[in-house]
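**Student:** Dropping in entry_31.csv, with CSV, C-alpha atoms.
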chain,number,residue,atom,x,y,z
A,23,MET,CA,0.0,0.0,0.0
A,24,VAL,CA,1.4,3.4,-1.0
A,25,HIS,CA,1.0,6.1,1.7
A,26,TYR,CA,1.0,9.3,-0.3
A,27,ASN,CA,1.9,12.5,1.7
A,28,PRO,CA,2.1,11.0,5.2
A,29,TRP,CA,2.0,13.5,8.1
A,30,PRO,CA,3.3,16.2,8.0
A,31,LEU,CA,4.0,16.3,4.3
A,32,GLY,CA,1.1,17.8,2.4
A,33,LYS,CA,-0.8,18.6,5.6
A,34,LEU,CA,0.5,22.0,6.6
A,35,PRO,CA,-0.5,23.8,9.8
A,36,SER,CA,-2.9,26.6,9.0
A,37,GLN,CA,-0.3,29.3,9.7
A,38,TRP,CA,2.0,27.9,7.0
A,39,LYS,CA,-0.6,27.7,4.2
A,40,ARG,CA,-0.9,30.2,1.4
A,41,PRO,CA,-4.2,32.1,1.8
A,42,GLU,CA,-5.5,32.0,-1.7
A,43,PRO,CA,-7.5,28.7,-1.6
A,44,ASP,CA,-9.4,29.8,1.4
A,45,LEU,CA,-9.7,33.3,0.1
A,46,ILE,CA,-11.7,32.3,-3.0
A,47,ARG,CA,-14.2,30.5,-0.8
A,48,THR,CA,-15.2,33.9,0.5
A,49,LEU,CA,-15.9,34.8,-3.2
A,50,GLY,CA,-18.4,32.0,-3.5
A,51,TYR,CA,-16.1,29.3,-5.1
A,52,ASP,CA,-16.5,25.8,-3.7
A,53,TRP,CA,-14.0,23.0,-3.8
A,54,GLY,CA,-13.1,19.8,-1.9
A,55,ASP,CA,-9.8,18.5,-3.1
A,56,PRO,CA,-7.4,21.3,-3.8
A,57,ARG,CA,-6.8,20.0,-7.4
A,58,GLU,CA,-10.4,21.0,-8.1
A,59,ILE,CA,-9.2,24.7,-7.8
A,60,VAL,CA,-7.1,24.1,-11.0
A,61,ASP,CA,-10.2,22.8,-12.8
A,62,LEU,CA,-12.2,25.9,-11.6
A,63,PHE,CA,-9.5,28.2,-13.0
A,64,GLU,CA,-9.3,26.4,-16.3
A,65,GLN,CA,-13.1,26.6,-16.7
A,66,LYS,CA,-13.0,30.3,-15.9
A,67,LEU,CA,-10.2,31.0,-18.4
A,68,ALA,CA,-12.0,29.1,-21.2
A,69,SER,CA,-15.2,31.0,-20.6
A,70,PHE,CA,-13.4,34.3,-20.5
A,71,SER,CA,-11.3,33.7,-23.6
A,72,GLY,CA,-14.0,32.1,-25.8
A,73,SER,CA,-12.3,28.7,-26.1
A,74,LYS,CA,-14.0,25.4,-25.1
A,75,TYR,CA,-11.1,24.3,-22.9
A,76,ALA,CA,-8.0,25.6,-21.1
A,77,VAL,CA,-5.1,23.7,-19.6
A,78,VAL,CA,-2.9,25.6,-17.1
A,79,THR,CA,0.8,25.1,-16.8
A,80,ASP,CA,3.7,26.5,-14.7
A,81,CYS,CA,4.7,29.0,-17.4
A,82,CYS,CA,4.0,30.1,-21.0
A,83,THR,CA,7.3,28.8,-22.2
A,84,ASN,CA,6.4,25.2,-21.2
A,85,ALA,CA,2.9,25.7,-22.6
A,86,ILE,CA,4.5,26.5,-26.0
A,87,PHE,CA,6.8,23.4,-25.7
A,88,LEU,CA,3.9,21.1,-24.8
A,89,SER,CA,1.8,22.4,-27.7
A,90,LEU,CA,4.6,21.7,-30.1
A,91,GLN,CA,4.9,18.2,-28.8
A,92,TYR,CA,1.2,17.5,-29.1
A,93,LEU,CA,1.1,18.8,-32.7
A,94,LYS,CA,4.3,16.9,-33.6
A,95,ALA,CA,5.5,20.1,-35.2
A,96,GLU,CA,8.7,19.8,-37.3
A,97,GLY,CA,10.7,21.5,-40.0
A,98,ILE,CA,11.2,25.3,-40.0
A,99,ALA,CA,9.0,27.9,-38.3
A,100,LYS,CA,8.9,31.6,-39.1
A,101,ILE,CA,8.9,33.7,-36.0
A,102,PRO,CA,9.4,37.4,-35.2
A,103,LYS,CA,13.0,38.4,-34.7
A,104,GLN,CA,11.8,40.6,-31.9
A,105,THR,CA,10.1,38.3,-29.4
A,106,TYR,CA,11.0,36.7,-26.1
A,107,VAL,CA,14.1,34.6,-26.2
A,108,SER,CA,12.5,31.3,-25.0
A,109,VAL,CA,10.3,31.0,-28.1
A,110,PRO,CA,13.1,30.0,-30.5
A,111,MET,CA,14.6,28.0,-27.8
A,112,GLN,CA,11.5,25.9,-27.4
A,113,LEU,CA,11.5,25.4,-31.2
A,114,LEU,CA,15.0,24.1,-31.1
A,115,HIS,CA,14.3,21.9,-28.1
A,116,SER,CA,11.5,20.4,-30.2
A,117,GLY,CA,13.7,19.8,-33.2
A,118,ILE,CA,12.4,22.8,-35.2
A,119,GLN,CA,14.6,25.4,-36.9
A,120,PRO,CA,13.6,29.0,-36.2
A,121,ASP,CA,13.4,31.4,-39.2
A,122,PHE,CA,13.6,34.9,-37.9
A,123,ARG,CA,11.4,37.5,-39.7
A,124,ASP,CA,10.8,41.2,-39.4
A,125,VAL,CA,7.2,41.1,-38.0
A,126,LYS,CA,5.4,43.9,-36.4
A,127,TRP,CA,3.1,42.2,-33.9
A,128,THR,CA,1.2,43.2,-30.8
A,129,GLY,CA,-0.3,40.9,-28.1
A,130,LEU,CA,0.1,37.6,-30.0
A,131,TYR,CA,1.3,36.0,-33.2
A,132,GLU,CA,1.2,32.5,-34.6
A,133,ILE,CA,4.5,30.5,-34.5
A,134,GLY,CA,5.0,29.7,-38.2
A,135,ASP,CA,2.5,27.2,-39.5
A,136,THR,CA,2.7,25.1,-36.4
A,137,GLY,CA,-0.8,26.0,-35.1
A,138,VAL,CA,0.7,27.3,-31.9
A,139,VAL,CA,0.0,30.9,-30.9
A,140,ASP,CA,2.3,32.9,-28.6
A,141,GLY,CA,-0.3,35.0,-26.8
A,142,ALA,CA,1.8,36.0,-23.8
A,143,GLY,CA,1.2,39.7,-24.4
A,144,ARG,CA,-2.6,39.6,-24.5
A,145,PHE,CA,-5.3,39.0,-21.8
A,146,THR,CA,-8.7,40.3,-22.6
A,147,GLU,CA,-12.2,38.9,-23.0
A,148,GLY,CA,-12.7,36.9,-26.1
A,149,MET,CA,-9.0,36.7,-26.9
A,150,TYR,CA,-8.9,33.1,-28.1
A,151,PHE,CA,-7.3,33.0,-31.6
A,152,GLY,CA,-9.4,30.0,-32.7
A,153,GLN,CA,-8.8,28.4,-36.1
A,154,GLY,CA,-7.8,25.1,-34.5
A,155,SER,CA,-4.9,26.7,-32.7
A,156,LEU,CA,-3.3,26.0,-29.4
A,157,HIS,CA,-3.2,29.5,-27.9
A,158,THR,CA,-0.7,30.0,-25.1
A,159,LEU,CA,-0.9,32.5,-22.3
A,160,SER,CA,1.5,34.0,-19.7
A,161,PHE,CA,0.8,34.9,-16.1
A,162,GLN,CA,4.2,36.3,-15.3
A,163,ILE,CA,4.4,39.3,-12.9
A,164,LYS,CA,4.5,41.9,-15.8
A,165,LYS,CA,1.3,40.5,-17.5
A,166,ARG,CA,-2.3,41.4,-17.1
A,167,LEU,CA,-3.0,38.4,-14.8
A,168,PRO,CA,0.1,38.7,-12.6
A,169,ILE,CA,0.0,35.4,-10.7
A,170,GLY,CA,3.8,35.6,-10.6
A,171,ARG,CA,4.5,32.4,-12.6
A,172,GLY,CA,2.1,30.4,-14.8
A,173,GLY,CA,0.7,29.8,-18.2
A,174,ALA,CA,-2.1,28.2,-20.1
A,175,ILE,CA,-3.1,26.6,-23.4
A,176,LEU,CA,-6.5,27.5,-24.9
A,177,THR,CA,-8.1,25.0,-27.3
A,178,ASP,CA,-11.4,23.8,-28.8
A,179,SER,CA,-10.1,20.3,-29.1
A,180,LYS,CA,-11.2,17.7,-26.5
A,181,GLU,CA,-8.4,15.4,-27.7
A,182,ALA,CA,-5.8,18.1,-27.2
A,183,TYR,CA,-7.2,19.0,-23.8
A,184,ASP,CA,-7.0,15.4,-22.6
A,185,TRP,CA,-3.5,14.9,-23.9
A,186,LEU,CA,-2.2,18.2,-22.5
A,187,LYS,CA,-3.7,17.6,-19.1
A,188,LEU,CA,-1.9,14.3,-18.8
A,189,ALA,CA,1.3,15.5,-20.4
A,190,SER,CA,1.6,18.6,-18.1
A,191,TYR,CA,1.4,16.5,-14.9
A,192,ASP,CA,3.9,13.7,-15.5
A,193,GLY,CA,1.4,11.6,-17.4
A,194,ARG,CA,-0.6,11.1,-14.2
A,195,ASP,CA,-4.4,10.6,-14.4
A,196,LEU,CA,-5.6,12.4,-11.3
A,197,ASN,CA,-9.0,10.7,-11.5
A,198,THR,CA,-7.4,7.4,-10.4
A,199,PRO,CA,-5.7,6.4,-7.1
A,200,TYR,CA,-2.0,7.2,-6.9
A,201,ASP,CA,-1.1,3.5,-6.6
A,202,SER,CA,-3.4,2.4,-9.4
A,203,LYS,CA,-1.8,0.6,-12.3
A,204,ASN,CA,-3.6,3.1,-14.6
A,205,HIS,CA,-2.4,6.2,-12.7
A,206,VAL,CA,0.5,6.9,-15.0
A,207,SER,CA,-0.7,6.5,-18.6
A,208,MET,CA,2.0,8.3,-20.6
A,209,ILE,CA,5.5,9.8,-20.4
A,210,GLY,CA,4.9,13.4,-19.5
A,211,TRP,CA,6.5,16.5,-18.2
A,212,HIS,CA,6.5,18.2,-14.8
A,213,PHE,CA,4.8,21.4,-16.0
A,214,TYR,CA,1.7,21.6,-13.8
A,215,MET,CA,0.2,24.6,-12.0
A,216,THR,CA,-0.3,24.4,-8.3
A,217,PRO,CA,-3.7,24.8,-6.7
A,218,GLU,CA,-2.4,27.9,-4.8
A,219,ASP,CA,-1.4,29.6,-8.0
A,220,ALA,CA,-4.7,28.7,-9.7
A,221,ALA,CA,-6.6,30.2,-6.7
A,222,ARG,CA,-4.6,33.4,-7.1
A,223,GLY,CA,-5.5,33.5,-10.7
A,224,ILE,CA,-9.2,33.1,-9.9
A,225,TRP,CA,-8.9,35.9,-7.3
A,226,LEU,CA,-7.2,38.2,-9.7
A,227,MET,CA,-9.6,37.6,-12.5
A,228,ASP,CA,-12.5,38.6,-10.3
A,229,GLN,CA,-10.8,42.0,-9.8
A,230,LEU,CA,-9.8,42.7,-13.4
A,231,PRO,CA,-11.9,44.5,-16.0
A,232,SER,CA,-13.0,42.3,-18.9
A,233,VAL,CA,-11.4,44.4,-21.7
A,234,LEU,CA,-7.7,45.1,-21.3
A,235,PRO,CA,-5.0,46.5,-23.8
A,236,ASP,CA,-2.0,44.4,-24.9
A,237,THR,CA,1.0,44.4,-22.6
A,238,MET,CA,3.7,43.4,-25.1
A,239,SER,CA,4.6,43.9,-28.8
A,240,TRP,CA,7.6,43.6,-31.0
A,241,GLU,CA,8.9,46.9,-29.7
A,242,ASN,CA,9.5,45.5,-26.3
A,243,TYR,CA,12.2,43.1,-27.4
A,244,PRO,CA,15.6,43.3,-28.9
A,245,ASP,CA,16.5,41.7,-32.3
A,246,LEU,CA,17.3,38.1,-31.4
A,247,THR,CA,19.4,37.7,-34.5
A,248,GLN,CA,22.0,40.0,-32.9
A,249,PHE,CA,22.7,37.4,-30.2
A,250,SER,CA,25.5,35.0,-31.1
A,251,VAL,CA,23.5,31.9,-30.2
A,252,PHE,CA,21.0,32.6,-33.0
A,253,ARG,CA,23.2,33.9,-35.7
A,254,SER,CA,23.5,30.6,-37.5
A,255,PHE,CA,19.8,30.3,-38.2
A,256,PRO,CA,17.8,31.7,-41.1
A,257,ARG,CA,16.7,35.4,-40.9
A,258,GLU,CA,15.3,38.0,-43.1
A,259,VAL,CA,18.1,40.0,-44.6
A,260,GLU,CA,17.5,43.7,-44.9
A,261,GLU,CA,18.7,45.2,-48.3
Would you put the structure from the file into C-alpha cells?
**Tutor:**
Amino acid sequence: MVHYNPWPLGKLPSQWKRPEPDLIRTLGYDWGDPREIVDLFEQKLASFSGSKYAVVTDCCTNAIFLSLQYLKAEGIAKIPKQTYVSVPMQLLHSGIQPDFRDVKWTGLYEIGDTGVVDGAGRFTEGMYFGQGSLHTLSFQIKKRLPIGRGGAILTDSKEAYDWLKLASYDGRDLNTPYDSKNHVSMIGWHFYMTPEDAARGIWLMDQLPSVLPDTMSWENYPDLTQFSVFRSFPREVEE
C-alpha cells in the first residue's frame, strides 16, 4: 500500500498555508480536493477567452513546448526576430529550426504554420485565436494576470485538452488512485500549475476589467538575430 503524503507532508499547519485557496471560498467558489481549484481556474479561463477548454501550466514557455509536442511540429517555423528569447529555444528543443522575420506584432502571433500561438502579451475577454490553434498565455508578474508564474493553453479540441492535461502532470491521471496501475498512462513533463497559484488566478480575474489592452509587442524586445546563439539560423536580410 502506498502512503501518499504522510504527516506532516502535504498537511501543513494553517499558519503555513498560502491564503488564496481559502480566500476564493469567500468569493463563492466551492472546492473539496485542492486540485479542483485548478479545474475551476481552467473553466474560468476558457469561458473568459472564448475557447472550449483551457489547460494551465507552470509557465507560458512550457505551454509552448507542450503544444509543439502534441502537434508533432517539425521543420522550419517563421517567428518574429523581436520576441521573447524562450520562443526560438522551445522550437530548437522540439527539433524545429527558427526562421527569424521582421514582423510587427502586438499581443500575440502564430508561430510559423505550427498552429501554436504565442499570446503572452494579450489578456482580454474573447481573446482566443481559434482556427484550430493551441493558444498559449502567460501569467508572469508583468502580465495582465500577474500570478507571478504560470501559463495556459487554450483549445477547442477535447483530444488536445485530454493529452495536454496528462502531459503537463507527469502523465498522471488524477482521477485514479495514486497506486493504481492506470495512474501513469504516458511519459509526461513536470509542468503543472499548483492549486495555490490557480486560486490566485481566480482571485485576480475577479478583480480585473473584462477588456484590457495588450502588454507586449515587437517593440518590447531586442532583435534576437544579434545574439551569437541565434546567428547561424535563417533570418530575413535587410537590403
**Student:** Hey, can you check how far atom CA of Gly223 of chain A sits from atom CA of Asn242 of chain A?
**Tutor:**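 Computed distance, atom CA of Gly223 of chain A to atom CA of Asn242 of chain A, equals 24.7 Å.
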**Student:** So how far away is atom CA of Val233 of chain A from atom CA of Thr146 of chain A, in Å?
**Tutor:**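 Pair atom CA of Thr146 of chain A / atom CA of Val233 of chain A returns 5.0 Å.
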**Student:** Nearest to Asp135 of chain A among A:Val77, A:Met208, A:Cys82, A:Ala99, with distances taken over all atoms listed in the file: which residue is it?
**Tutor:**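 Closest candidate: A:Ala99.
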**Student:** For a cut-off of 10 Å around (7.8, 39.6, -30.2), file coordinates, pick out all residues using only C-alpha atoms and list them as a list of chain:residue names.
**Tutor:**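 Protein and nucleic acid residues near the point are A:Ile101, A:Pro102, A:Lys103, A:Gln104, A:Thr105, A:Tyr106, A:Val107, A:Val109, A:Asp124, A:Val125, A:Lys126, A:Trp127, A:Thr128, A:Gly129, A:Leu130, A:Tyr131, A:Asp140, A:Gly141, A:Ala142, A:Gly143, A:Met238, A:Ser239, A:Trp240, A:Glu241, A:Asn242, A:Tyr243, A:Pro244, A:Asp245, A:Leu246.
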**Student:** Work out how far apart atom CA of Arg253 of chain A and atom CA of Lys100 of chain A are and give it in Å to one decimal.
**Tutor:**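 That distance, rounded to one decimal, is 14.9 Å.
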**Student:** Using all atoms listed in the file, which of the listed residues (A:Leu156, A:Ile98, A:Ile209, A:Leu176) sits closest to Pro256 of chain A?
**Tutor:**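 Of A:Leu156, A:Ile98, A:Ile209, A:Leu176, the one nearest Pro256 of chain A is A:Ile98, counting all atoms listed in the file.
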**Student:** Give me the residues near Met149 of chain A as JSON, numbers by chain, where near means some atom within 9 Å (using only C-alpha atoms) and where sequence neighbours in that chain fewer than 6 positions away do not count.
**Tutor:** {"A": [70, 71, 72, 73, 141]}
**Student:** Do a neighbour search on segment 161-167 of chain A at 10 Å with all atoms listed in the file, toss out local chain neighbours closer than 3 positions, and write the hits as a ChimeraX atom specification.
**Tutor:** /A:79-82,142-146,170-174,219,222-227,229-230,234-238
**Student:** Mind listing whatever residues come within 9 Å of the point (-3.5, 25.5, -35.8)? Use only C-alpha atoms, file coordinates, and give them as a list in words.
**Tutor:**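 The distance filter leaves exactly Leu93, Glu132, Asp135, Thr136, Gly137, Val138, Val139, Gly152, Gln153, Gly154, Ser155, Leu156 and His157 of chain A.
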**Student:** Taking only C-alpha atoms into account, which of A:Ile118, A:Thr216, A:Leu196, A:Arg257 comes nearest Pro43 of chain A?
**Tutor:** A:Thr216
**Student:** Using all atoms listed in the file for the distances, tell me which of A:Leu62, A:Ala85, A:Ile175, A:Lys74 is nearest to Gly50 of chain A.
**Tutor:** A:Leu62
**Student:** Which residue out of A:Asn197, A:Asp61, A:Glu147, A:Gly134 has the minimum interatomic distance to Gly97 of chain A when all atoms listed in the file are used?
**Tutor:**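 Selected residue with least distance to Gly97 of chain A: A:Gly134.
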